[in-house]
Amino acid sequence: LKAYKYRLYPTVDQAEFFSKSFGCCRVAYNRTLDYMSMMWCGGGVSVSRFGAQEQLTSLKEIYPWFGEVNSQSLQYAVKQVADAFKNWWEHRAAHPLLKRKKDKQSFHNPQNCSVDWKHKTLSIPKCKDIPIVLHRSFYGKIKDVTISMNPDGKYYASILVDTSLSEKPCTIVDPSTTIGIDIGVKTFAVCSDGREFPAQHFSKAAEKRLKHYQRELRHKTKGSANWKKVQHHIATIHAKIANQRLDYIHKVTHQLTHDSQVRTICIEDLNVKGMLRNHHLAYSIADASIGRFYAILEYKCRWEGINLIRIGRWDASSKTCSACGEINYHLKLSDRNWTCMSCGCVHDRDQNASVNIKSFGLRMAYRRIDGKSRLWTVLLWTTASLLA
């Protein structure tokens with residue numbers, strides 16, 4: 001399954017239908033969330049997905065304008081609440097929050113969606129022939145379509161397609177086709193083969209314009225026409241920063257995963273959430289979007305059949321000398337270059353870390369292979385003894 005995202009240019013009537021769908025799905029989500037929270041806080045009763053969908057019938061009686069939108073979109077909004085509560089019960093996520101009108105809006109269409117490649121239009125239930133920019137083609141069966149609107153007022157369609165393609169099988173881990181990647185703030189990514197990808201700092205580049213509009217926003221009456229204009233300028237700047245950051249991550253990950261000489265990638269298991277609590281580095285870490293980089297790199301490695309190895313979170317990759325293995329416990333974050341006291345080798349902090357990440361990852365891979373071979377040996381000996 002692959003998702004393809006396209007820009008939409010709906011007409012006035014189509015934009016009005018989108019607005020109704022956004023509002024109905026948001027109300028259905030919030031009312032279902034209130035109901036499930038009340039049942040849980042009142043008597044400790046956990047409402048299932050099907051129990052929550054039964055409340056949708058009563059909501060349709062309270063809000064008759066629910067009938068103007070696709071009923072399956074409302075059912076999916078209820079399903080989202082049930083899944084969010086399940087993740088919260090099983091301690092995989094925080095308690096779900098209410099959806100706000102000023103945030104990103106979306107609604108889901110699980111069936112009866114089609115794309116007209118000749119006329120460049122998209123059709124969903126109760127809304128046909130929506131102008132769409134088909135900048136790239138896809139082949140396969142359309143599973144569902146999600147219509148979304150960003151805070152800057154732009155509409156997008158995310159089309160999930162069953163391409164009938166399988167992921168490429170991973171090859172055996174070979175040190176000659178393995179690289180280690182060190183992720184940082186001063187340099188975005190440093191590879192053990194010598195490649196470096198500089199940090200772009202998109203937020204800092206737009207900081208001056210952003211402060212200007214935020215200063216203007218404080219002097220406007222909240223809810224007025226001028227306030228909405230300034231708010232739109234701020235949302236546009238944030239959208240541009242997000243697009244620049246995502247474009248750069250896609251370019252870096254594409255270069256790493258489409259290299260014929262790289263079949264195994266070793267990375268660190270960073271605690272990004274904990275790193276953001278450092279108030280001195282939180283701005284730069286958030287601007288680098290390390291978590292998004294890891295997520296995109298992971299699924300691209302699955303697509304291309306590349307082994308992705310995460311080393312231990314507490315492995316001293318920066319403090320260990322890649323030449324002799326001595327650990328420098330006195331190394332500070334400000335020390336970008338340091339000399340090993342044992343062998344006298346001079347190291348660049350990030351390059352040394354990438355080499356150590358590669359060696360730690362290979363050690364983990366060979367340990368797993370040895371463990372599996374030992375397990376098969378025990379099973380064979382046990383089977384042979386039983387047969388004897």
# chains A, B, ... in the order shown; residues from 1 in each chain; ligands from 1
call {"tool": "residues_around", "arguments": {"residues": "Pro96 (chain A)", "least_positions_apart": "4", "cutoff": "9 Å", "atoms": "only C-alpha atoms", "output": "PyMOL selection string"}}
result
chain A and resi 33+81+84-85+88
call {"tool": "select_by_dssp", "arguments": {"residues": "region 165-210 of chain A", "states": "alpha helix (DSSP H)", "output": "PyMOL selection string"}}
result
chain A and resi 202-205+207-210
call {"tool": "closest_atom_pairs", "arguments": {"of": "region 221-290 of chain A", "to": "region 360-369 of chain A", "cutoff": "9 Å", "atoms": "only C-alpha atoms", "output": "JSON lines"}}
result
{"residue": "A:Ile265", "atom": "CA", "partner": "A:Gly361", "partner_atom": "CA", "distance": 8.4}
{"residue": "A:Cys266", "atom": "CA", "partner": "A:Gly361", "partner_atom": "CA", "distance": 5.6}
{"residue": "A:Ile267", "atom": "CA", "partner": "A:Gly361", "partner_atom": "CA", "distance": 7.8}
call {"tool": "write_last_selection", "arguments": {"atoms": "all heavy atoms", "output": "PDB file, in the first residue's frame"}}
result
ATOM      1  N   ILE A 265      22.229   0.014   6.754  1.00  0.00           N
ATOM      2  CA  ILE A 265      22.384   1.330   7.376  1.00  0.00           C
ATOM      3  C   ILE A 265      22.248   1.155   8.888  1.00  0.00           C
ATOM      4  O   ILE A 265      21.289   0.541   9.367  1.00  0.00           O
ATOM      5  CB  ILE A 265      21.330   2.324   6.853  1.00  0.00           C
ATOM      6  CG1 ILE A 265      21.532   2.561   5.350  1.00  0.00           C
ATOM      7  CG2 ILE A 265      21.416   3.640   7.606  1.00  0.00           C
ATOM      8  CD1 ILE A 265      20.491   3.477   4.738  1.00  0.00           C
ATOM      9  N   CYS A 266      23.193   1.708   9.620  1.00  0.00           N
ATOM     10  CA  CYS A 266      23.178   1.662  11.090  1.00  0.00           C
ATOM     11  C   CYS A 266      22.934   3.076  11.616  1.00  0.00           C
ATOM     12  O   CYS A 266      23.614   4.023  11.192  1.00  0.00           O
ATOM     13  CB  CYS A 266      24.502   1.123  11.633  1.00  0.00           C
ATOM     14  SG  CYS A 266      24.952  -0.514  11.000  1.00  0.00           S
ATOM     15  N   ILE A 267      21.980   3.205  12.517  1.00  0.00           N
ATOM     16  CA  ILE A 267      21.653   4.498  13.108  1.00  0.00           C
ATOM     17  C   ILE A 267      21.544   4.350  14.618  1.00  0.00           C
ATOM     18  O   ILE A 267      21.490   3.233  15.149  1.00  0.00           O
ATOM     19  CB  ILE A 267      20.332   5.073  12.534  1.00  0.00           C
ATOM     20  CG1 ILE A 267      19.183   4.077  12.780  1.00  0.00           C
ATOM     21  CG2 ILE A 267      20.472   5.402  11.057  1.00  0.00           C
ATOM     22  CD1 ILE A 267      17.831   4.617  12.346  1.00  0.00           C
TER      23      ILE A 267
END
call {"tool": "residues_around", "arguments": {"residues": "region 298-305 of chain A", "least_positions_apart": "5", "cutoff": "8 Å", "atoms": "only C-alpha atoms", "output": "list of chain:residue names"}}
result
A:Glu167, A:Lys168, A:Pro169, A:Cys170, A:Thr171, A:Thr253, A:His254, A:Thr257, A:His258, A:Arg263
call {"tool": "write_last_selection", "arguments": {"atoms": "C-alpha atoms", "output": "PDB file, in the first residue's frame"}}
result
ATOM      1  CA  GLU A 167       8.888  -5.247  -0.558  1.00  0.00           C
ATOM      2  CA  LYS A 168      12.338  -6.219  -1.764  1.00  0.00           C
ATOM      3  CA  PRO A 169      14.022  -8.914   0.349  1.00  0.00           C
ATOM      4  CA  CYS A 170      16.918  -7.825   2.528  1.00  0.00           C
ATOM      5  CA  THR A 171      20.389  -9.097   1.744  1.00  0.00           C
ATOM      6  CA  THR A 253      16.818   9.600   2.462  1.00  0.00           C
ATOM      7  CA  HIS A 254      16.513   9.014  -1.292  1.00  0.00           C
ATOM      8  CA  THR A 257      18.557   4.325   0.103  1.00  0.00           C
ATOM      9  CA  HIS A 258      19.214   4.448  -3.659  1.00  0.00           C
ATOM     10  CA  ARG A 263      22.738  -2.405   1.625  1.00  0.00           C
TER      11      ARG A 263
END
call {"tool": "atom_distance", "arguments": {"atom1": "CA of Leu8 (chain A)", "atom2": "CA of Lys154 (chain A)"}}
result
7.7 Å
call {"tool": "atom_distance", "arguments": {"atom1": "CA of Ala282 (chain A)", "atom2": "CA of Lys104 (chain A)"}}
result
23.7 Å
call {"tool": "closest_residue", "arguments": {"among": "A:Tyr294, A:Tyr283, A:Phe66, A:Tyr4", "to": "Asn271 (chain A)", "atoms": "only C-alpha atoms"}}
result
A:Tyr294
call {"tool": "residues_around", "arguments": {"residues": "Leu1 (chain A)", "least_positions_apart": "6", "cutoff": "12 Å", "atoms": "only C-alpha atoms", "output": "ChimeraX atom specification"}}
result
/A:138-144,159-167,299,303
call {"tool": "write_last_selection", "arguments": {"atoms": "all heavy atoms", "output": "short mmCIF file (atom, residue, chain, number, x, y, z; two decimals), in the first residue's frame"}}
result
data_model
loop_
_atom_site.label_atom_id
_atom_site.label_comp_id
_atom_site.auth_asym_id
_atom_site.auth_seq_id
_atom_site.Cartn_x
_atom_site.Cartn_y
_atom_site.Cartn_z
N PHE A 138 0.15 6.75 -10.75
CA PHE A 138 0.23 5.53 -9.95
C PHE A 138 -0.56 4.44 -10.65
O PHE A 138 -1.44 4.71 -11.48
CB PHE A 138 -0.31 5.77 -8.52
CG PHE A 138 -1.75 6.20 -8.45
CD1 PHE A 138 -2.78 5.28 -8.53
CD2 PHE A 138 -2.07 7.53 -8.28
CE1 PHE A 138 -4.11 5.67 -8.46
CE2 PHE A 138 -3.39 7.95 -8.20
CZ PHE A 138 -4.42 7.01 -8.30
N TYR A 139 -0.23 3.21 -10.30
CA TYR A 139 -0.89 2.06 -10.91
C TYR A 139 -1.37 1.14 -9.79
O TYR A 139 -0.58 0.73 -8.93
CB TYR A 139 0.07 1.31 -11.82
CG TYR A 139 0.64 2.17 -12.93
CD1 TYR A 139 1.86 2.83 -12.77
CD2 TYR A 139 -0.06 2.36 -14.11
CE1 TYR A 139 2.39 3.63 -13.78
CE2 TYR A 139 0.45 3.17 -15.12
CZ TYR A 139 1.67 3.79 -14.95
OH TYR A 139 2.17 4.60 -15.94
N GLY A 140 -2.64 0.83 -9.79
CA GLY A 140 -3.21 -0.04 -8.77
C GLY A 140 -4.62 0.36 -8.43
O GLY A 140 -5.21 1.28 -9.03
N LYS A 141 -5.18 -0.32 -7.45
CA LYS A 141 -6.55 -0.10 -7.03
C LYS A 141 -6.60 0.92 -5.90
O LYS A 141 -5.84 0.82 -4.92
CB LYS A 141 -7.18 -1.42 -6.56
CG LYS A 141 -8.63 -1.30 -6.13
CD LYS A 141 -9.15 -2.64 -5.64
CE LYS A 141 -10.59 -2.52 -5.16
NZ LYS A 141 -11.11 -3.82 -4.63
N ILE A 142 -7.48 1.90 -6.02
CA ILE A 142 -7.63 2.93 -4.98
C ILE A 142 -8.39 2.33 -3.80
O ILE A 142 -9.52 1.84 -3.95
CB ILE A 142 -8.37 4.15 -5.54
CG1 ILE A 142 -7.56 4.81 -6.66
CG2 ILE A 142 -8.63 5.17 -4.43
CD1 ILE A 142 -8.25 5.98 -7.30
N LYS A 143 -7.76 2.38 -2.63
CA LYS A 143 -8.40 1.84 -1.42
C LYS A 143 -9.24 2.90 -0.72
O LYS A 143 -10.37 2.64 -0.32
CB LYS A 143 -7.32 1.31 -0.46
CG LYS A 143 -6.42 0.25 -1.07
CD LYS A 143 -7.17 -1.02 -1.36
CE LYS A 143 -7.54 -1.75 -0.08
NZ LYS A 143 -8.18 -3.04 -0.37
N ASP A 144 -8.68 4.09 -0.52
CA ASP A 144 -9.43 5.17 0.13
C ASP A 144 -8.76 6.50 -0.20
O ASP A 144 -7.64 6.55 -0.71
CB ASP A 144 -9.52 4.98 1.65
CG ASP A 144 -8.16 4.81 2.30
OD1 ASP A 144 -7.33 5.71 2.14
OD2 ASP A 144 -7.93 3.80 2.97
N ILE A 159 -4.25 9.75 -1.54
CA ILE A 159 -4.88 8.58 -2.15
C ILE A 159 -4.07 7.35 -1.79
O ILE A 159 -2.87 7.25 -2.13
CB ILE A 159 -4.96 8.75 -3.68
CG1 ILE A 159 -5.71 10.04 -4.04
CG2 ILE A 159 -5.66 7.56 -4.33
CD1 ILE A 159 -5.75 10.34 -5.52
N LEU A 160 -4.69 6.41 -1.10
CA LEU A 160 -4.04 5.16 -0.73
C LEU A 160 -4.31 4.13 -1.82
O LEU A 160 -5.46 3.85 -2.16
CB LEU A 160 -4.56 4.65 0.61
CG LEU A 160 -3.87 3.41 1.18
CD1 LEU A 160 -2.42 3.72 1.54
CD2 LEU A 160 -4.61 2.89 2.41
N VAL A 161 -3.23 3.58 -2.38
CA VAL A 161 -3.32 2.70 -3.54
C VAL A 161 -2.70 1.34 -3.21
O VAL A 161 -1.64 1.26 -2.59
CB VAL A 161 -2.58 3.32 -4.75
CG1 VAL A 161 -2.71 2.43 -5.98
CG2 VAL A 161 -3.11 4.71 -5.04
N ASP A 162 -3.41 0.29 -3.62
CA ASP A 162 -2.88 -1.07 -3.52
C ASP A 162 -2.11 -1.34 -4.80
O ASP A 162 -2.69 -1.63 -5.85
CB ASP A 162 -4.02 -2.07 -3.34
CG ASP A 162 -3.50 -3.48 -3.09
OD1 ASP A 162 -2.27 -3.66 -3.07
OD2 ASP A 162 -4.33 -4.40 -2.92
N THR A 163 -0.79 -1.23 -4.75
CA THR A 163 0.05 -1.35 -5.95
C THR A 163 0.35 -2.80 -6.34
O THR A 163 0.94 -3.03 -7.39
CB THR A 163 1.37 -0.62 -5.72
OG1 THR A 163 2.03 -1.18 -4.58
CG2 THR A 163 1.13 0.87 -5.48
N SER A 164 -0.03 -3.75 -5.47
CA SER A 164 0.24 -5.18 -5.72
C SER A 164 1.73 -5.48 -5.82
O SER A 164 2.14 -6.47 -6.42
CB SER A 164 -0.47 -5.67 -6.99
OG SER A 164 -1.86 -5.48 -6.88
N LEU A 165 2.57 -4.61 -5.26
CA LEU A 165 4.01 -4.82 -5.26
C LEU A 165 4.45 -5.27 -3.87
O LEU A 165 3.91 -4.83 -2.86
CB LEU A 165 4.75 -3.53 -5.64
CG LEU A 165 4.46 -2.96 -7.03
CD1 LEU A 165 5.16 -1.62 -7.19
CD2 LEU A 165 4.90 -3.92 -8.12
N SER A 166 5.43 -6.13 -3.81
CA SER A 166 5.96 -6.61 -2.54
C SER A 166 7.28 -5.93 -2.24
O SER A 166 7.99 -5.47 -3.16
CB SER A 166 6.16 -8.13 -2.58
OG SER A 166 7.02 -8.50 -3.64
N GLU A 167 7.63 -5.86 -0.96
CA GLU A 167 8.89 -5.25 -0.56
C GLU A 167 10.06 -6.12 -0.98
O GLU A 167 9.98 -7.35 -0.99
CB GLU A 167 8.90 -5.03 0.96
CG GLU A 167 7.82 -4.08 1.44
CD GLU A 167 7.79 -3.98 2.95
OE1 GLU A 167 8.54 -4.75 3.60
OE2 GLU A 167 7.02 -3.16 3.48
N TYR A 299 10.77 3.38 6.37
CA TYR A 299 9.92 2.76 5.36
C TYR A 299 10.60 2.72 3.98
O TYR A 299 10.32 1.82 3.17
CB TYR A 299 8.55 3.43 5.29
CG TYR A 299 8.44 4.76 4.61
CD1 TYR A 299 8.56 4.90 3.23
CD2 TYR A 299 8.15 5.91 5.34
CE1 TYR A 299 8.42 6.13 2.60
CE2 TYR A 299 8.00 7.15 4.72
CZ TYR A 299 8.14 7.24 3.35
OH TYR A 299 8.00 8.45 2.73
N TRP A 303 11.19 -0.59 1.56
CA TRP A 303 10.86 -0.63 0.13
C TRP A 303 12.04 -1.14 -0.70
O TRP A 303 11.86 -1.91 -1.64
CB TRP A 303 10.47 0.77 -0.36
CG TRP A 303 9.13 1.22 0.10
CD1 TRP A 303 8.22 0.51 0.83
CD2 TRP A 303 8.54 2.50 -0.15
NE1 TRP A 303 7.10 1.28 1.07
CE2 TRP A 303 7.27 2.49 0.48
CE3 TRP A 303 8.95 3.64 -0.82
CZ2 TRP A 303 6.41 3.59 0.44
CZ3 TRP A 303 8.10 4.72 -0.86
CH2 TRP A 303 6.83 4.71 -0.24
#
call {"tool": "residues_around", "arguments": {"residues": "region 327-344 of chain A", "least_positions_apart": "5", "cutoff": "10 Å", "atoms": "only C-alpha atoms", "output": "list in words"}}
result
Lys186, Ala316, Ser317, Ser318, Lys319, Thr320, Cys321, Ser322, Arg349, Asp350, Gln351 and Asn352 of chain A
call {"tool": "write_last_selection", "arguments": {"atoms": "C-alpha atoms", "output": "JSON list (two decimals), in the first residue's frame"}}
result
[["chain", "number", "residue", "atom", "x", "y", "z"],
["A", 186, "LYS", "CA", 25.45, 21.37, 13.56],
["A", 316, "ALA", "CA", 29.02, 5.60, 23.68],
["A", 317, "SER", "CA", 29.40, 6.31, 19.98],
["A", 318, "SER", "CA", 30.84, 9.83, 20.38],
["A", 319, "LYS", "CA", 33.11, 9.12, 23.35],
["A", 320, "THR", "CA", 34.66, 5.90, 22.04],
["A", 321, "CYS", "CA", 37.88, 6.05, 20.02],
["A", 322, "SER", "CA", 37.23, 4.28, 16.72],
["A", 349, "ARG", "CA", 33.39, 14.15, 16.84],
["A", 350, "ASP", "CA", 30.67, 13.38, 14.26],
["A", 351, "GLN", "CA", 32.84, 11.36, 11.88],
["A", 352, "ASN", "CA", 34.18, 9.27, 14.75]]
call {"tool": "select_by_dssp", "arguments": {"residues": "region 107-220 of chain A", "states": "strand (DSSP E)", "output": "PyMOL selection string"}}
result
chain A and resi 107-109+114-116+121-124+127-133+141-149+155-162+178-183+187-191+196-198
call {"tool": "closest_residue", "arguments": {"among": "A:Asp13, A:Asn109, A:Ser284, A:Val190", "to": "Asp129 (chain A)", "atoms": "only C-alpha atoms"}}
result
A:Asp13
call {"tool": "closest_residue", "arguments": {"among": "A:Leu270, A:Val355, A:Cys25, A:Ile172", "to": "Leu98 (chain A)", "atoms": "only C-alpha atoms"}}
result
A:Cys25
call {"tool": "closest_residue", "arguments": {"among": "A:Asp152, A:Glu196, A:Asp269, A:Asp259", "to": "Ala235 (chain A)", "atoms": "only C-alpha atoms"}}
result
A:Asp152
call {"tool": "residues_around", "arguments": {"residues": "Arg49 (chain A)", "least_positions_apart": "6", "cutoff": "9 Å", "atoms": "only C-alpha atoms", "output": "number ranges by chain"}}
result
A: 78-83
call {"tool": "closest_residue", "arguments": {"among": "A:Lys99, A:Lys358, A:Lys251, A:Lys126", "to": "Thr32 (chain A)", "atoms": "only C-alpha atoms"}}
result
A:Lys99
call {"tool": "closest_residue", "arguments": {"among": "A:Gly291, A:Ile181, A:Leu97, A:Tyr9", "to": "Gly194 (chain A)", "atoms": "only C-alpha atoms"}}
result
A:Ile181
call {"tool": "atom_distance", "arguments": {"atom1": "CA of Lys60 (chain A)", "atom2": "CA of Glu16 (chain A)"}}
result
20.0 Å
call {"tool": "residues_around", "arguments": {"residues": "His232 (chain A)", "least_positions_apart": "2", "cutoff": "12 Å", "atoms": "only C-alpha atoms", "output": "number ranges by chain"}}
result
A: 102, 150-154, 210, 213-214, 217, 225-230, 234-239
